[in-house]
file entry.cif (mmCIF, C-alpha atoms and all ligand atoms)
data_coords
loop_
_atom_site.label_atom_id
_atom_site.label_comp_id
_atom_site.auth_asym_id
_atom_site.auth_seq_id
_atom_site.Cartn_x
_atom_site.Cartn_y
_atom_site.Cartn_z
CA MET Z 1464 115.10 111.48 128.58
CA ILE Z 1465 115.57 115.04 127.30
CA TYR Z 1466 118.56 114.07 125.15
CA LEU Z 1467 116.23 111.69 123.31
CA LEU Z 1468 113.95 114.49 122.09
CA PRO Z 1469 116.06 115.35 118.99
CA GLU Z 1470 116.18 111.58 118.23
CA ILE Z 1471 112.40 111.31 118.46
CA TYR Z 1472 111.96 114.39 116.28
CA GLN Z 1473 114.36 113.01 113.65
CA MET Z 1474 112.76 109.55 113.71
CA ARG Z 1475 109.32 111.01 113.10
CA LYS Z 1476 110.75 113.05 110.21
CA ASN Z 1477 112.62 110.11 108.62
CA ILE Z 1478 109.51 108.03 108.08
CA ARG Z 1479 108.14 110.63 105.63
CA SER Z 1480 111.44 112.02 104.30
CA PRO Z 1481 111.93 112.51 100.57
CA ARG Z 1482 113.90 109.57 99.16
CA ARG Z 1483 117.01 111.67 98.44
CA ASP Z 1484 117.20 112.94 102.04
CA LEU Z 1485 116.66 109.43 103.38
CA ASP Z 1486 119.46 107.99 101.23
CA ARG Z 1487 121.78 110.80 102.31
CA LEU Z 1488 121.01 109.98 105.95
CA ARG Z 1489 121.56 106.25 105.37
CA LEU Z 1490 124.93 106.88 103.70
CA ASN Z 1491 125.92 109.15 106.55
CA LEU Z 1492 124.95 106.50 109.12
CA LEU Z 1493 126.73 103.77 107.17
CA GLN Z 1494 129.96 105.81 106.96
CA LYS Z 1495 129.76 106.48 110.70
CA GLN Z 1496 129.23 102.78 111.40
CA ILE Z 1497 132.10 101.83 109.05
CA ARG Z 1498 134.45 104.15 110.96
CA ASN Z 1499 133.20 102.65 114.24
CA ILE Z 1500 133.89 99.05 113.21
CA TYR Z 1501 137.27 99.93 111.68
CA GLU Z 1502 138.47 101.75 114.78
CA ASN Z 1503 136.87 99.68 117.53
CA VAL Z 1504 135.88 96.17 116.44
CA PRO Z 1505 138.86 93.77 116.04
CA PHE Z 1506 137.13 91.39 113.60
CA TYR Z 1507 136.41 94.18 111.15
CA ARG Z 1508 139.78 95.92 111.61
CA GLU Z 1509 141.44 92.65 110.57
CA THR Z 1510 138.97 92.27 107.69
CA PHE Z 1511 139.80 95.79 106.42
CA GLN Z 1512 143.53 95.00 106.57
CA ARG Z 1513 143.08 91.65 104.82
CA LEU Z 1514 141.03 93.24 102.02
CA ASN Z 1515 143.34 96.27 101.90
CA ILE Z 1516 140.49 98.78 102.29
CA VAL Z 1517 139.92 101.81 104.56
CA PRO Z 1518 136.75 103.65 105.69
CA ASP Z 1519 137.30 106.34 103.03
CA ASP Z 1520 136.63 103.70 100.36
CA PHE Z 1521 132.96 103.68 101.39
CA LYS Z 1522 131.59 106.52 99.28
CA THR Z 1523 128.18 105.11 98.32
CA LEU Z 1524 125.68 102.69 99.88
CA ASN Z 1525 126.72 100.08 97.30
CA ASP Z 1526 130.27 100.14 98.70
CA LEU Z 1527 128.91 98.11 101.59
CA GLN Z 1528 129.33 95.13 99.25
CA LYS Z 1529 133.11 95.45 99.74
CA LEU Z 1530 132.67 93.74 103.10
CA PRO Z 1531 132.11 89.98 103.38
CA ILE Z 1532 128.84 88.40 104.47
CA ILE Z 1533 128.99 87.03 107.99
CA THR Z 1534 126.98 84.30 109.68
CA LYS Z 1535 126.29 83.21 113.23
CA GLU Z 1536 129.11 80.68 112.83
CA ASP Z 1537 131.61 83.51 112.10
CA ILE Z 1538 130.53 85.25 115.29
CA ARG Z 1539 130.76 82.09 117.33
CA ASN Z 1540 134.21 81.24 115.92
CA ASN Z 1541 135.59 84.71 116.59
CA GLY Z 1542 134.37 85.17 120.16
CA LYS Z 1543 134.83 88.69 121.51
CA LYS Z 1544 136.31 90.02 118.27
CA PHE Z 1545 132.85 91.25 117.27
CA PHE Z 1546 132.45 93.46 120.34
CA ASN Z 1547 133.44 97.12 120.48
CA GLU Z 1548 136.65 97.05 122.54
CA LYS Z 1549 136.06 100.58 123.89
CA ILE Z 1550 132.62 99.78 125.34
CA ASN Z 1551 132.05 98.01 128.63
CA LEU Z 1552 129.58 95.25 127.75
CA LYS Z 1553 128.53 94.98 131.39
CA LYS Z 1554 126.92 98.39 130.98
CA CYS Z 1555 125.12 97.31 127.81
CA PHE Z 1556 121.68 95.82 127.39
CA HIS Z 1557 121.36 92.42 125.85
CA SER Z 1558 118.84 90.12 124.23
CA PHE Z 1559 119.09 86.39 124.34
CA SER Z 1560 117.74 84.23 121.59
CA SER Z 1561 116.75 80.73 122.60
CA GLY Z 1562 117.82 79.78 119.07
CA SER Z 1563 114.94 78.65 116.89
CA THR Z 1564 117.62 77.05 114.67
CA GLY Z 1565 119.20 75.35 117.67
CA GLU Z 1566 121.89 78.01 118.02
CA PRO Z 1567 121.58 80.17 121.18
CA PHE Z 1568 122.78 83.73 120.69
CA LYS Z 1569 123.35 86.83 122.82
CA SER Z 1570 123.27 90.33 121.28
CA TYR Z 1571 124.48 93.48 123.05
CA PHE Z 1572 123.16 97.02 122.57
CA ASP Z 1573 124.42 100.40 123.81
CA LEU Z 1574 121.82 102.37 125.78
CA LYS Z 1575 120.81 104.79 123.02
CA THR Z 1576 120.41 102.00 120.43
CA TRP Z 1577 118.44 99.91 122.91
CA ILE Z 1578 115.94 102.72 123.52
CA ARG Z 1579 115.60 103.41 119.80
CA LYS Z 1580 115.09 99.77 118.84
CA LYS Z 1581 113.20 98.48 121.84
CA TYR Z 1582 110.77 101.37 122.22
CA LEU Z 1583 110.99 104.33 119.83
CA SER Z 1584 111.02 102.61 116.44
CA LYS Z 1585 108.30 100.19 117.58
CA LEU Z 1586 106.08 103.02 118.80
CA ARG Z 1587 106.74 104.97 115.60
CA ALA Z 1588 105.46 102.07 113.49
CA ARG Z 1589 102.47 101.38 115.75
CA PHE Z 1590 101.42 105.06 115.69
CA PHE Z 1591 101.89 105.15 111.92
CA CYS Z 1592 99.43 102.24 111.72
CA GLY Z 1593 96.86 104.26 113.62
CA MET Z 1594 97.44 103.41 117.28
CA LYS Z 1595 96.57 106.50 119.30
CA PRO Z 1596 98.36 107.98 122.34
CA GLY Z 1597 96.50 107.00 125.50
CA GLU Z 1598 95.18 103.73 124.04
CA LYS Z 1599 95.80 100.50 125.90
CA ILE Z 1600 97.98 97.69 124.56
CA VAL Z 1601 98.51 94.11 125.66
CA ILE Z 1602 101.93 92.66 124.78
CA LEU Z 1603 102.07 88.86 124.64
CA GLY Z 1604 105.65 87.66 124.95
CA ALA Z 1605 107.72 84.52 125.48
CA GLN Z 1606 109.11 85.67 128.83
CA SER Z 1607 108.15 83.74 131.96
CA ILE Z 1608 105.00 84.56 133.94
CA GLU Z 1609 107.13 85.80 136.88
CA THR Z 1610 109.25 88.10 134.66
CA PHE Z 1611 106.17 89.78 133.23
CA GLU Z 1612 104.55 90.12 136.66
CA ARG Z 1613 107.68 92.02 137.77
CA THR Z 1614 107.65 94.12 134.58
CA ASN Z 1615 103.98 95.03 135.04
CA SER Z 1616 104.54 96.15 138.63
CA LYS Z 1617 107.52 98.33 137.56
CA TRP Z 1618 105.90 99.95 134.58
CA TYR Z 1619 106.27 103.56 135.75
CA PHE Z 1620 105.52 105.27 132.49
CA GLN Z 1621 101.92 104.23 132.12
CA SER Z 1622 100.69 107.77 132.35
CA LEU Z 1623 103.11 108.94 129.63
CA LEU Z 1624 103.14 106.03 127.21
CA PRO Z 1625 100.17 103.94 126.10
CA MET Z 1626 98.84 101.81 128.94
CA VAL Z 1627 100.68 98.53 128.67
CA LEU Z 1628 99.96 95.09 130.12
CA PHE Z 1629 102.53 92.34 129.54
CA ILE Z 1630 101.25 88.76 129.51
CA SER Z 1631 103.34 85.60 129.15
CA ILE Z 1632 102.31 83.18 126.39
CA PHE Z 1633 103.14 80.38 128.82
CA GLU Z 1634 100.23 81.41 131.03
CA ASP Z 1635 97.02 79.37 130.90
CA ILE Z 1636 95.07 80.50 127.82
CA GLU Z 1637 91.74 80.83 129.71
CA GLU Z 1638 93.51 83.01 132.29
CA VAL Z 1639 94.99 85.18 129.53
CA PHE Z 1640 91.59 85.57 127.88
CA SER Z 1641 90.05 86.68 131.16
CA LYS Z 1642 92.90 89.20 131.82
CA VAL Z 1643 92.48 90.67 128.32
CA ASN Z 1644 88.73 90.99 128.80
CA THR Z 1645 89.21 92.81 132.08
CA PHE Z 1646 91.91 95.17 130.74
CA LYS Z 1647 89.99 95.84 127.48
CA PRO Z 1648 92.90 96.96 125.27
CA GLN Z 1649 92.36 98.62 121.89
CA ASN Z 1650 95.61 97.04 120.65
CA MET Z 1651 97.38 93.72 121.11
CA TYR Z 1652 100.84 92.54 120.07
CA GLY Z 1653 102.08 88.95 120.01
CA PRO Z 1654 102.62 85.73 118.03
CA PRO Z 1655 99.82 84.77 115.59
CA SER Z 1656 99.51 81.18 116.88
CA PHE Z 1657 98.58 82.59 120.30
CA PHE Z 1658 95.99 84.95 118.83
CA LEU Z 1659 94.50 81.96 117.04
CA LYS Z 1660 93.97 80.24 120.39
CA LEU Z 1661 92.41 83.40 121.85
CA ALA Z 1662 90.13 83.73 118.82
CA GLN Z 1663 88.99 80.12 119.23
CA ILE Z 1664 88.13 80.80 122.89
CA ALA Z 1665 86.26 84.00 122.00
CA GLU Z 1666 84.22 82.04 119.44
CA LYS Z 1667 83.56 79.17 121.85
CA LYS Z 1668 82.46 81.50 124.65
CA LYS Z 1669 80.64 83.78 122.20
CA VAL Z 1670 82.41 86.81 123.70
CA ASN Z 1671 82.52 89.94 121.58
CA CYS Z 1672 85.84 91.74 122.17
CA PHE Z 1673 84.34 95.00 120.87
CA TYR Z 1674 87.09 97.13 122.48
CA LEU Z 1675 89.84 95.59 120.29
CA LYS Z 1676 90.78 97.60 117.16
CA LYS Z 1677 94.21 96.44 116.06
CA ILE Z 1678 96.30 93.28 116.36
CA PHE Z 1679 100.03 93.39 115.64
CA THR Z 1680 101.62 90.01 115.01
CA SER Z 1681 105.30 89.09 115.05
CA SER Z 1682 107.83 86.31 115.76
CA GLU Z 1683 106.22 83.67 113.54
CA TYR Z 1684 105.17 83.24 109.94
CA LEU Z 1685 101.60 84.52 109.65
CA GLU Z 1686 99.66 81.84 107.79
CA LYS Z 1687 97.08 83.48 105.55
CA SER Z 1688 94.30 81.26 106.89
CA VAL Z 1689 95.26 82.04 110.51
CA ALA Z 1690 95.17 85.79 109.74
CA GLU Z 1691 91.71 85.47 108.19
CA TYR Z 1692 90.41 83.52 111.18
CA ILE Z 1693 91.73 86.02 113.74
CA ARG Z 1694 90.52 89.01 111.72
CA SER Z 1695 87.00 87.66 111.42
CA ALA Z 1696 86.78 86.42 115.03
CA PHE Z 1697 87.82 89.77 116.53
CA GLN Z 1698 86.73 92.09 113.67
CA VAL Z 1699 90.08 93.89 113.83
CA GLU Z 1700 92.74 95.27 111.52
CA MET Z 1701 95.91 93.16 111.50
CA TYR Z 1702 99.51 94.19 110.89
CA ASP Z 1703 102.43 91.79 110.75
CA ILE Z 1704 105.97 92.71 111.81
CA TYR Z 1705 109.27 91.14 110.77
CA GLY Z 1706 112.20 91.27 113.17
CA SER Z 1707 114.93 89.37 114.95
CA VAL Z 1708 116.68 89.26 118.30
CA GLU Z 1709 119.85 90.78 116.81
CA PHE Z 1710 118.15 93.73 115.06
CA LYS Z 1711 114.75 94.02 116.82
CA GLU Z 1712 112.06 95.26 114.43
CA VAL Z 1713 113.32 95.24 110.86
CA ALA Z 1714 110.15 95.80 108.81
CA TRP Z 1715 106.41 96.18 109.33
CA GLU Z 1716 103.14 96.24 107.45
CA CYS Z 1717 101.16 99.45 106.99
CA GLN Z 1718 97.41 99.63 106.38
CA ASN Z 1719 97.89 99.04 102.63
CA HIS Z 1720 99.53 95.61 103.12
CA ASN Z 1721 101.70 96.04 100.04
CA GLY Z 1722 104.63 94.44 101.83
CA TYR Z 1723 106.71 95.33 104.90
CA HIS Z 1724 108.30 98.80 105.24
CA ILE Z 1725 111.96 98.38 106.19
CA ASN Z 1726 113.14 100.62 109.05
CA GLU Z 1727 115.73 102.09 106.72
CA ASP Z 1728 117.13 104.53 109.26
CA GLU Z 1729 118.01 101.52 111.46
CA VAL Z 1730 119.10 98.76 109.07
CA ILE Z 1731 120.19 98.11 105.51
CA CYS Z 1732 118.37 95.07 104.15
CA GLU Z 1733 119.90 93.18 101.22
CA ILE Z 1734 118.31 90.13 99.60
CA LEU Z 1735 120.96 87.93 98.03
CA MET Z 1736 121.36 84.63 96.27
CA GLU Z 1737 124.88 83.24 96.33
CA ASN Z 1738 126.06 86.66 97.51
CA LYS Z 1739 124.52 88.56 94.57
CA PRO Z 1740 121.41 90.77 94.72
CA VAL Z 1741 118.31 89.02 93.39
CA CYS Z 1742 115.85 90.59 90.96
CA GLU Z 1743 112.67 92.16 92.26
CA GLY Z 1744 110.24 89.55 93.54
CA GLU Z 1745 112.83 86.75 93.50
CA LEU Z 1746 113.44 84.80 96.67
CA GLY Z 1747 116.80 85.21 98.39
CA ASN Z 1748 118.61 85.17 101.74
CA ILE Z 1749 118.04 88.21 103.95
CA VAL Z 1750 121.31 89.98 104.85
CA LEU Z 1751 121.14 92.84 107.37
CA THR Z 1752 123.49 95.67 108.40
CA ASP Z 1753 122.91 97.56 111.62
CA LEU Z 1754 123.32 101.31 111.17
CA ARG Z 1755 122.96 102.17 114.86
CA ASN Z 1756 124.36 99.60 117.25
CA ILE Z 1757 127.94 100.57 118.10
CA ALA Z 1758 128.47 98.00 120.89
CA HIS Z 1759 127.94 94.79 118.93
CA PRO Z 1760 127.63 95.89 115.30
CA LEU Z 1761 126.56 93.26 112.80
CA ILE Z 1762 127.43 94.17 109.23
CA ARG Z 1763 126.12 92.12 106.29
CA TYR Z 1764 124.81 89.47 108.64
CA GLN Z 1765 122.98 86.57 106.98
CA ILE Z 1766 120.09 86.01 109.30
CA LYS Z 1767 118.89 82.65 107.93
CA ASP Z 1768 115.55 84.06 106.86
CA THR Z 1769 114.47 84.37 103.28
CA GLY Z 1770 112.44 87.03 101.53
CA VAL Z 1771 111.91 89.23 98.49
CA LEU Z 1772 112.44 92.93 97.81
CA ILE Z 1773 109.44 94.85 96.48
CA LYS Z 1774 110.05 97.89 94.26
CA LYS Z 1775 106.38 98.96 94.23
CA LYS Z 1776 105.72 102.30 95.89
CA CYS Z 1777 103.22 102.42 98.75
CA ASP Z 1778 100.95 105.46 98.91
CA CYS Z 1779 100.51 105.31 102.70
CA GLY Z 1780 102.95 108.21 103.15
CA CYS Z 1781 105.84 106.14 104.54
CA SER Z 1782 109.09 106.65 102.59
CA PHE Z 1783 110.69 103.38 103.64
CA SER Z 1784 111.17 100.71 100.94
CA LEU Z 1785 109.24 97.45 100.98
CA MET Z 1786 110.26 93.83 101.41
CA MET Z 1787 108.39 90.63 102.12
CA PRO Z 1788 109.76 87.97 104.45
CA SER Z 1789 108.92 84.62 102.89
CA GLY Z 1790 107.76 82.80 105.98
CA GLY Z 1791 109.84 80.08 107.57
CA ARG Z 1792 113.54 80.41 108.12
CA SER Z 1793 115.89 79.22 105.38
CA THR Z 1794 116.58 76.34 107.75
CA ASP Z 1795 112.93 75.25 107.54
CA TYR Z 1796 112.74 73.00 104.51
CA ILE Z 1797 111.86 69.50 103.37
CA GLN Z 1798 114.68 67.40 101.94
CA LEU Z 1799 113.62 65.16 99.06
CA PRO Z 1800 115.29 61.75 98.52
CA ASP Z 1801 116.79 63.00 95.20
CA GLY Z 1802 118.72 65.73 97.08
CA MET Z 1803 116.45 68.65 96.15
CA ARG Z 1804 115.17 70.88 98.91
CA LEU Z 1805 111.72 72.43 99.18
CA THR Z 1806 111.72 75.71 101.08
CA ALA Z 1807 109.05 76.76 103.55
CA TYR Z 1808 108.04 79.31 100.92
CA GLN Z 1809 107.21 76.62 98.34
CA LEU Z 1810 105.42 74.42 100.87
CA GLU Z 1811 103.32 77.21 102.35
CA ASP Z 1812 102.28 78.36 98.91
CA SER Z 1813 101.00 74.91 97.97
CA ILE Z 1814 98.92 74.52 101.17
CA GLU Z 1815 97.54 78.05 101.41
CA ARG Z 1816 95.57 77.67 98.18
CA ILE Z 1817 93.33 75.09 99.87
CA LYS Z 1818 90.12 76.39 101.39
CA GLY Z 1819 88.80 75.42 104.84
CA ILE Z 1820 92.13 75.17 106.69
CA ILE Z 1821 92.57 77.33 109.80
CA GLN Z 1822 96.12 76.35 110.75
CA TYR Z 1823 98.66 73.86 109.40
CA GLN Z 1824 102.11 72.50 110.13
CA ILE Z 1825 104.28 70.45 107.76
CA VAL Z 1826 106.72 68.05 109.46
CA GLN Z 1827 109.33 65.84 107.83
CA THR Z 1828 109.85 62.94 110.23
CA ASN Z 1829 112.07 60.73 108.09
CA GLU Z 1830 113.64 60.70 104.62
CA LYS Z 1831 110.41 59.70 102.86
CA LEU Z 1832 107.59 60.87 105.12
CA ILE Z 1833 105.82 64.21 105.52
CA ILE Z 1834 103.14 64.62 108.18
CA VAL Z 1835 100.74 67.54 107.77
CA ASN Z 1836 98.94 68.55 110.96
CA ILE Z 1837 95.87 70.66 110.27
CA ILE Z 1838 93.08 72.41 112.10
CA CYS Z 1839 90.06 72.65 109.83
CA ARG Z 1840 86.81 74.55 109.90
CA ASN Z 1841 84.96 71.29 109.19
CA PHE Z 1842 86.65 68.60 111.21
CA GLN Z 1843 87.72 65.46 109.26
CA ASN Z 1844 87.09 66.93 105.87
CA ASP Z 1845 88.25 64.26 103.40
CA THR Z 1846 88.35 66.65 100.45
CA THR Z 1847 90.87 68.84 102.28
CA SER Z 1848 93.03 65.83 103.05
CA VAL Z 1849 92.96 64.66 99.42
CA GLN Z 1850 93.79 68.17 98.18
CA ILE Z 1851 96.77 68.53 100.54
CA THR Z 1852 98.15 65.14 99.50
CA LYS Z 1853 97.66 66.00 95.83
CA ASN Z 1854 99.38 69.41 96.09
CA LEU Z 1855 102.31 68.01 98.06
CA ASN Z 1856 102.65 65.09 95.65
CA VAL Z 1857 103.07 67.60 92.83
CA ILE Z 1858 105.85 69.61 94.48
CA THR Z 1859 107.58 66.57 95.98
CA LYS Z 1860 107.37 64.83 92.57
CA GLY Z 1861 105.68 61.88 94.29
CA LEU Z 1862 108.91 61.03 96.12
CA MET Z 1863 107.45 61.46 99.62
CA GLN Z 1864 104.62 59.75 101.44
CA VAL Z 1865 102.17 62.35 102.79
CA LYS Z 1866 100.02 61.75 105.88
CA VAL Z 1867 97.39 64.29 106.93
CA ARG Z 1868 96.40 64.46 110.59
CA PHE Z 1869 93.37 66.46 111.74
CA GLN Z 1870 94.02 68.16 115.09
CA ASP Z 1871 92.17 70.31 117.63
CA SER Z 1872 95.36 72.25 118.33
CA ILE Z 1873 98.98 72.13 117.16
CA ALA Z 1874 101.69 72.62 119.77
CA ALA Z 1875 104.27 75.41 119.60
CA GLU Z 1876 107.99 74.75 120.16
CA GLU Z 1877 109.51 74.80 123.64
CA ASN Z 1878 110.47 78.48 123.21
CA GLY Z 1879 106.78 79.31 122.65
CA LYS Z 1880 107.14 79.86 118.88
CA PHE Z 1881 105.03 78.05 116.33
CA LYS Z 1882 106.77 76.50 113.33
CA THR Z 1883 104.86 76.10 110.08
CA VAL Z 1884 107.54 73.87 108.53
CA LYS Z 1885 109.63 71.52 110.67
CA ASN Z 1886 112.43 69.28 109.55
CA CYS Z 1887 113.27 66.68 112.17
CA ILE Z 1888 116.14 65.10 110.21
CA LYS Z 1889 118.43 67.74 108.70
CA THR Z 1890 121.08 70.17 109.96
CA PRO Z 1891 120.45 73.86 109.18
CA LYS Z 1892 121.73 75.46 105.95
CA SER Z 1893 120.80 78.58 104.06
CA ILE Z 1894 119.12 78.26 100.69
CA ASN Z 1895 121.06 78.17 97.42
CA SER Z 1896 120.10 78.61 93.80
CA GLU Z 1897 118.94 74.99 93.50
CA SER Z 1898 116.10 75.72 95.89
CA ARG Z 1899 115.35 79.05 94.23
CA LEU Z 1900 111.70 79.56 93.53
CA PRO Z 1901 110.15 82.29 91.45
CA ILE Z 1902 108.29 85.31 92.14
CA LEU Z 1903 105.78 86.66 94.56
CA ARG Z 1904 102.95 85.00 96.36
CA GLU Z 1905 99.52 84.87 94.78
CA ASN Z 1906 98.11 87.67 96.88
CA GLN Z 1907 100.54 90.36 95.63
ZN ZN N 1 102.72 101.60 103.19
#

call {"tool": "encode", "arguments": {"input": "entry.cif", "output": "structure tokens"}}
result
Amino acid sequence: MIYLLPEIYQMRKNIRSPRRDLDRLRLNLLQKQIRNIYENVPFYRETFQRLNIVPDDFKTLNDLQKLPIITKEDIRNNGKKFFNEKINLKKCFHSFSSGSTGEPFKSYFDLKTWIRKKYLSKLRARFFCGMKPGEKIVILGAQSIETFERTNSKWYFQSLLPMVLFISIFEDIEEVFSKVNTFKPQNMYGPPSFFLKLAQIAEKKKVNCFYLKKIFTSSEYLEKSVAEYIRSAFQVEMYDIYGSVEFKEVAWECQNHNGYHINEDEVICEILMENKPVCEGELGNIVLTDLRNIAHPLIRYQIKDTGVLIKKKCDCGCSFSLMMPSGGRSTDYIQLPDGMRLTAYQLEDSIERIKGIIQYQIVQTNEKLIIVNIICRNFQNDTTSVQITKNLNVITKGLMQVKVRFQDSIAAEENGKFKTVKNCIKTPKSINSESRLPILRENQ
């Protein structure tokens, strides 16, 4: 624990560092990581030889572009070549993704990186958003009920760290609500679709969760209407977080909600279209480079999410640059009969302008049919249905039939995650320039 103190001190400093110091640190970390992959990771050693480059060629952050972009398929096709050959993976920590794109994946982390990513950088962001030491937090996760019961009974650090209660999202919702009400946390962390269910129960039971101050959401696209509903039901501040199994938390919202601050002392985040950086505000594929993980380093990894970079400065005091994840994965899209694809970004934008919707889900069930499941404030509101059909007719150029179904609740996927856009007929691909859509959302 003591050897972590300099790390904690440095992490706290980084978040408010002057830009020049931060860039110097990032270059330093990148050069260290480049040496690590060249010396210890067979895939990259071969890549360096093939491209006839050496670590000394990486003199600026832009030199990262000398390396190719990799995908999950590259990792799967190259087996152990992506692991550090000098590290015993049995002594590493790992995370397992159930594969929201149908591609299961296991990521390994060395101990120091695991502690940084799993605990320290998360706590840093939560404290920056105003969580106070000694406050209670409930963490809602997709682990099984039994796993979390074991975790709760082993949570030795409760007196040192904020009081934590882990609850599985697979537990009965009424049971969860009752546990939360007994524990009375000031903070909660979990997927937005689960908070929506809790908010509906609180409204139904007319329970005032006065103790709750902040809700941190992650793992799913936060529909604007869902956020509004949760915020007004619990009277809380809400902060969304963008992350992945391979990199843990990548970026997070501060109180200004200008975008998501990238953890720039952990990752380099590029936003690219056909391997070239996009202009500010333009949608592209998110490509991440891990600056810390030496056991299973992923460099220029295309994560199959899309987003935009934001150049605007935030006056919250955080030095980290801003980005905005666009919502669904790049694999979440609707395929039109003429071959054009509509991204989750385009679809969400056309639905979120309509008033009265609490939650929605757009599902393509066959080549010419889109079903829109919605939960509405006024059940069976015909105007809402007409408006949805009209908006989708515009962006689908009238090529798809649209059916609107009013629901009491919309089910999450088997892995516990809620999908806003679901395509039941296509195989996953990343977006290309044909599906490029302009500029930022309305609320920016
Ligand atoms: Zn900020």

call {"tool": "residues_near_ligand", "arguments": {"input": "entry.cif", "ligand": "ligand ZN 1 (chain N)", "cutoff": "8 Å", "atoms": "all atoms listed in the file", "output": "ChimeraX atom specification"}}
result
/Z:1716-1724,1776-1781

call {"tool": "residues_near_point", "arguments": {"input": "entry.cif", "point": "(108.4, 65.4, 108.9)", "cutoff": "10 Å", "atoms": "only C-alpha atoms", "output": "list in words"}}
result
Tyr1796, Ile1797, Gln1798, Gln1824, Ile1825, Val1826, Gln1827, Thr1828, Asn1829, Glu1830, Lys1831, Leu1832, Ile1833, Ile1834, Val1835, Val1865, Lys1866, Val1884, Lys1885, Asn1886, Cys1887 and Ile1888 of chain Z

call {"tool": "write_last_selection", "arguments": {"input": "entry.cif", "atoms": "C-alpha atoms", "output": "mmCIF file, in the coordinates of the input"}}
result
data_model
loop_
_atom_site.group_PDB
_atom_site.id
_atom_site.type_symbol
_atom_site.label_atom_id
_atom_site.label_comp_id
_atom_site.auth_asym_id
_atom_site.auth_seq_id
_atom_site.Cartn_x
_atom_site.Cartn_y
_atom_site.Cartn_z
ATOM 1 C CA TYR Z 1796 112.740 73.000 104.510
ATOM 2 C CA ILE Z 1797 111.860 69.500 103.370
ATOM 3 C CA GLN Z 1798 114.680 67.400 101.940
ATOM 4 C CA GLN Z 1824 102.110 72.500 110.130
ATOM 5 C CA ILE Z 1825 104.280 70.450 107.760
ATOM 6 C CA VAL Z 1826 106.720 68.050 109.460
ATOM 7 C CA GLN Z 1827 109.330 65.840 107.830
ATOM 8 C CA THR Z 1828 109.850 62.940 110.230
ATOM 9 C CA ASN Z 1829 112.070 60.730 108.090
ATOM 10 C CA GLU Z 1830 113.640 60.700 104.620
ATOM 11 C CA LYS Z 1831 110.410 59.700 102.860
ATOM 12 C CA LEU Z 1832 107.590 60.870 105.120
ATOM 13 C CA ILE Z 1833 105.820 64.210 105.520
ATOM 14 C CA ILE Z 1834 103.140 64.620 108.180
ATOM 15 C CA VAL Z 1835 100.740 67.540 107.770
ATOM 16 C CA VAL Z 1865 102.170 62.350 102.790
ATOM 17 C CA LYS Z 1866 100.020 61.750 105.880
ATOM 18 C CA VAL Z 1884 107.540 73.870 108.530
ATOM 19 C CA LYS Z 1885 109.630 71.520 110.670
ATOM 20 C CA ASN Z 1886 112.430 69.280 109.550
ATOM 21 C CA CYS Z 1887 113.270 66.680 112.170
ATOM 22 C CA ILE Z 1888 116.140 65.100 110.210
#

call {"tool": "atom_distance", "arguments": {"input": "entry.cif", "atom1": "atom CA of Asn1878 of chain Z", "atom2": "atom CA of Ile1608 of chain Z"}}
result
13.5 Å

call {"tool": "atom_distance", "arguments": {"input": "entry.cif", "atom1": "atom CA of Phe1881 of chain Z", "atom2": "atom CA of Ile1838 of chain Z"}}
result
13.9 Å

call {"tool": "atom_distance", "arguments": {"input": "entry.cif", "atom1": "atom CA of Ser1681 of chain Z", "atom2": "atom CA of Ile1693 of chain Z"}}
result
14.0 Å

call {"tool": "residues_near_point", "arguments": {"input": "entry.cif", "point": "(131.3, 102.9, 109.6)", "cutoff": "12 Å", "atoms": "all atoms listed in the file", "output": "MDAnalysis selection string"}}
result
chainID Z and resid 1489:1504 1507:1508 1511 1517:1524 1526:1527 1530 1752:1757 1760:1762

call {"tool": "closest_residue", "arguments": {"input": "entry.cif", "among": "Z:Ala1696, Z:Ile1814, Z:Val1741, Z:Leu1746", "to": "Lys1669 of chain Z", "atoms": "all atoms listed in the file"}}
result
Z:Ala1696

call {"tool": "closest_residue", "arguments": {"input": "entry.cif", "among": "Z:Asn1726, Z:Ser1584, Z:Ser1872, Z:Gln1698", "to": "Leu1751 of chain Z", "atoms": "all atoms listed in the file"}}
result
Z:Asn1726

call {"tool": "closest_residue", "arguments": {"input": "entry.cif", "among": "Z:Cys1592, Z:Leu1552, Z:Val1601, Z:Val1713", "to": "Met1701 of chain Z", "atoms": "all atoms listed in the file"}}
result
Z:Cys1592

call {"tool": "build_atoms", "arguments": {"input": "entry.cif", "residues": "segment 1885-1889 of chain Z", "atoms": "N, CA and C atoms", "output": "short mmCIF file (atom, residue, chain, number, x, y, z; two decimals), keeping the file's coordinate frame"}}
result
data_model
loop_
_atom_site.label_atom_id
_atom_site.label_comp_id
_atom_site.auth_asym_id
_atom_site.auth_seq_id
_atom_site.Cartn_x
_atom_site.Cartn_y
_atom_site.Cartn_z
N LYS Z 1885 108.65 72.08 109.74
CA LYS Z 1885 109.63 71.52 110.67
C LYS Z 1885 110.36 70.38 110.00
N ASN Z 1886 111.67 70.40 110.09
CA ASN Z 1886 112.43 69.28 109.55
C ASN Z 1886 113.12 68.60 110.73
N CYS Z 1887 112.71 67.38 111.01
CA CYS Z 1887 113.27 66.68 112.17
C CYS Z 1887 114.52 65.86 111.82
N ILE Z 1888 114.99 65.95 110.55
CA ILE Z 1888 116.14 65.10 110.21
C ILE Z 1888 117.39 65.83 109.72
N LYS Z 1889 117.27 67.11 109.33
CA LYS Z 1889 118.43 67.74 108.70
C LYS Z 1889 119.08 68.80 109.57
#
